[in-house]
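Reviewing the structure listed below.
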Amino acid sequence: MKKLIDINNIKGIRISVKSKFKKSFQKKNKILHSFRPSITIHNFGKSNIQILSNYKSILELFLKESTLMKFSSKPLLKPGKKIKIYLDHSLKSKTAKVNGYFSMISIDNSKKFKAHTPSI
């Protein structure tokens with residue numbers, strides 16, 4: 001499954017998501033399902049963009065979980081460049097919805113913004 005989204009609050013950022021099921025496994029007598037979405041962020045704009053953090057909200061059948069992940073290296077995305085990020089999920093069910101966004105900053109004008117990812 002592959003999805004694309006264009007961000008309206010800052011021109012030139014495109015985020016695409018491709019989700020892949022990895023495997024099912026058992027942990028503490030519970031069956032978990034592992035997924036590995038690859039998220040590609042492409043900077044079509046003229047500003048240098050730095051990724052600060054990633055927020056995701058996972059909604060399963062009987063569970064809602066939210067996490068915030070800060071990037072220690074804070075990747076820099078120059079105009080015309082792209083970056084691919086892999087975020088692993090272990091879920092109790094095979095069906096779930098993941099929503100989220102990346103917190104970013106435009107290095108050229110110090111404007112912070114959120115770039116929402118397509119639902120997975």
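Naming works like this for the structure tokens: A, B, ... for the chains as they're shown, residue 1 at the start of each chain, ligands 1 onward in shown order.
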
Show me, as a list in words, the residues that have an atom within 7 Å of Asn43 of chain A when counting only C-alpha atoms, minus same-chain residues fewer than 2 positions from it.
Gly12, Ile13, Arg14, Ile41, Gly45, Leu77, Lys78, Pro79, Gly80, Lys81 and Lys82 of chain A

Lys97 of chain A surroundings by only C-alpha atoms, 9 Å radius, close-in-sequence under 2 positions cut, as a PyMOL selection string:
chain A and resi 57-60+95+99+119-120

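Nearest residue to Gln50 of chain A, choosing from A:Ser93, A:Ser34, A:Ser24, A:Asn109 and counting only C-alpha atoms: A:Asn109.
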
Which residue out of A:Val17, A:Ile49, A:Leu32, A:Ile85 has the minimum interatomic distance to Ser110 of chain A when only C-alpha atoms are used?
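Among the listed residues, A:Ile49 lies closest to Ser110 of chain A.
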
Please, what distance in Å, to one decimal, runs between atom CA of Ser16 of chain A and atom CA of Lys114 of chain A?
15.1 Å

The distance between atom CA of Asn54 of chain A and atom CA of Lys111 of chain A is 16.9 Å

Taking the chain letters and numbering used in this document, name the residues of chain A that DSSP puts in strand (DSSP E or B), as JSON, numbers by chain.
{"A": [2, 3, 4, 5, 6, 13, 14, 15, 16, 17, 18, 21, 22, 23, 24, 25, 26, 27, 30, 31, 32, 33, 34, 35, 38, 39, 40, 41, 42, 43, 49, 50, 51, 52, 53, 54, 55, 56, 57, 58, 59, 64, 65, 66, 67, 68, 69, 70, 76, 77, 82, 83, 84, 85, 86, 89, 90, 91, 97, 98, 99, 100, 101, 102, 103, 104, 105, 106, 111, 112, 113, 114, 115, 116, 117]}

Nearest to Ser106 of chain A, restricted to only C-alpha atoms and choosing among A:Lys84, A:Pro118, A:Tyr55, A:Asn48, comes out as A:Asn48

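Of note, atom CA of Lys23 of chain A and atom CA of Thr40 of chain A are spaced 22.3 Å apart.
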
So that I can check the surroundings of Arg36 of chain A, please list as a PDB file with C-alpha atoms, in the first residue's frame every protein, DNA and RNA residue that reaches within 10 Å of it, counting only C-alpha atoms and ignoring chain neighbours fewer than 2 positions away.
ATOM      1  CA  LYS A  18       4.652   2.470   1.889  1.00  0.00           C
ATOM      2  CA  SER A  19       3.609  -0.053   4.550  1.00  0.00           C
ATOM      3  CA  LYS A  20       4.907  -3.607   4.695  1.00  0.00           C
ATOM      4  CA  PHE A  21       3.923  -6.523   6.915  1.00  0.00           C
ATOM      5  CA  LYS A  22       7.064  -8.215   8.287  1.00  0.00           C
ATOM      6  CA  LYS A  23       6.009 -11.145  10.454  1.00  0.00           C
ATOM      7  CA  SER A  34       5.279  -6.530  13.043  1.00  0.00           C
ATOM      8  CA  SER A  38       8.892   3.361   4.935  1.00  0.00           C
ATOM      9  CA  ILE A  39       8.249   7.090   4.879  1.00  0.00           C
ATOM     10  CA  TYR A  86      11.743   3.404   8.566  1.00  0.00           C
ATOM     11  CA  LEU A  87       9.496   3.197  11.631  1.00  0.00           C
ATOM     12  CA  ASP A  88       8.762  -0.275  13.005  1.00  0.00           C
ATOM     13  CA  HIS A  89       5.431  -1.062  14.707  1.00  0.00           C
ATOM     14  CA  SER A  90       4.503  -4.133  16.742  1.00  0.00           C
TER      15      SER A  90
END
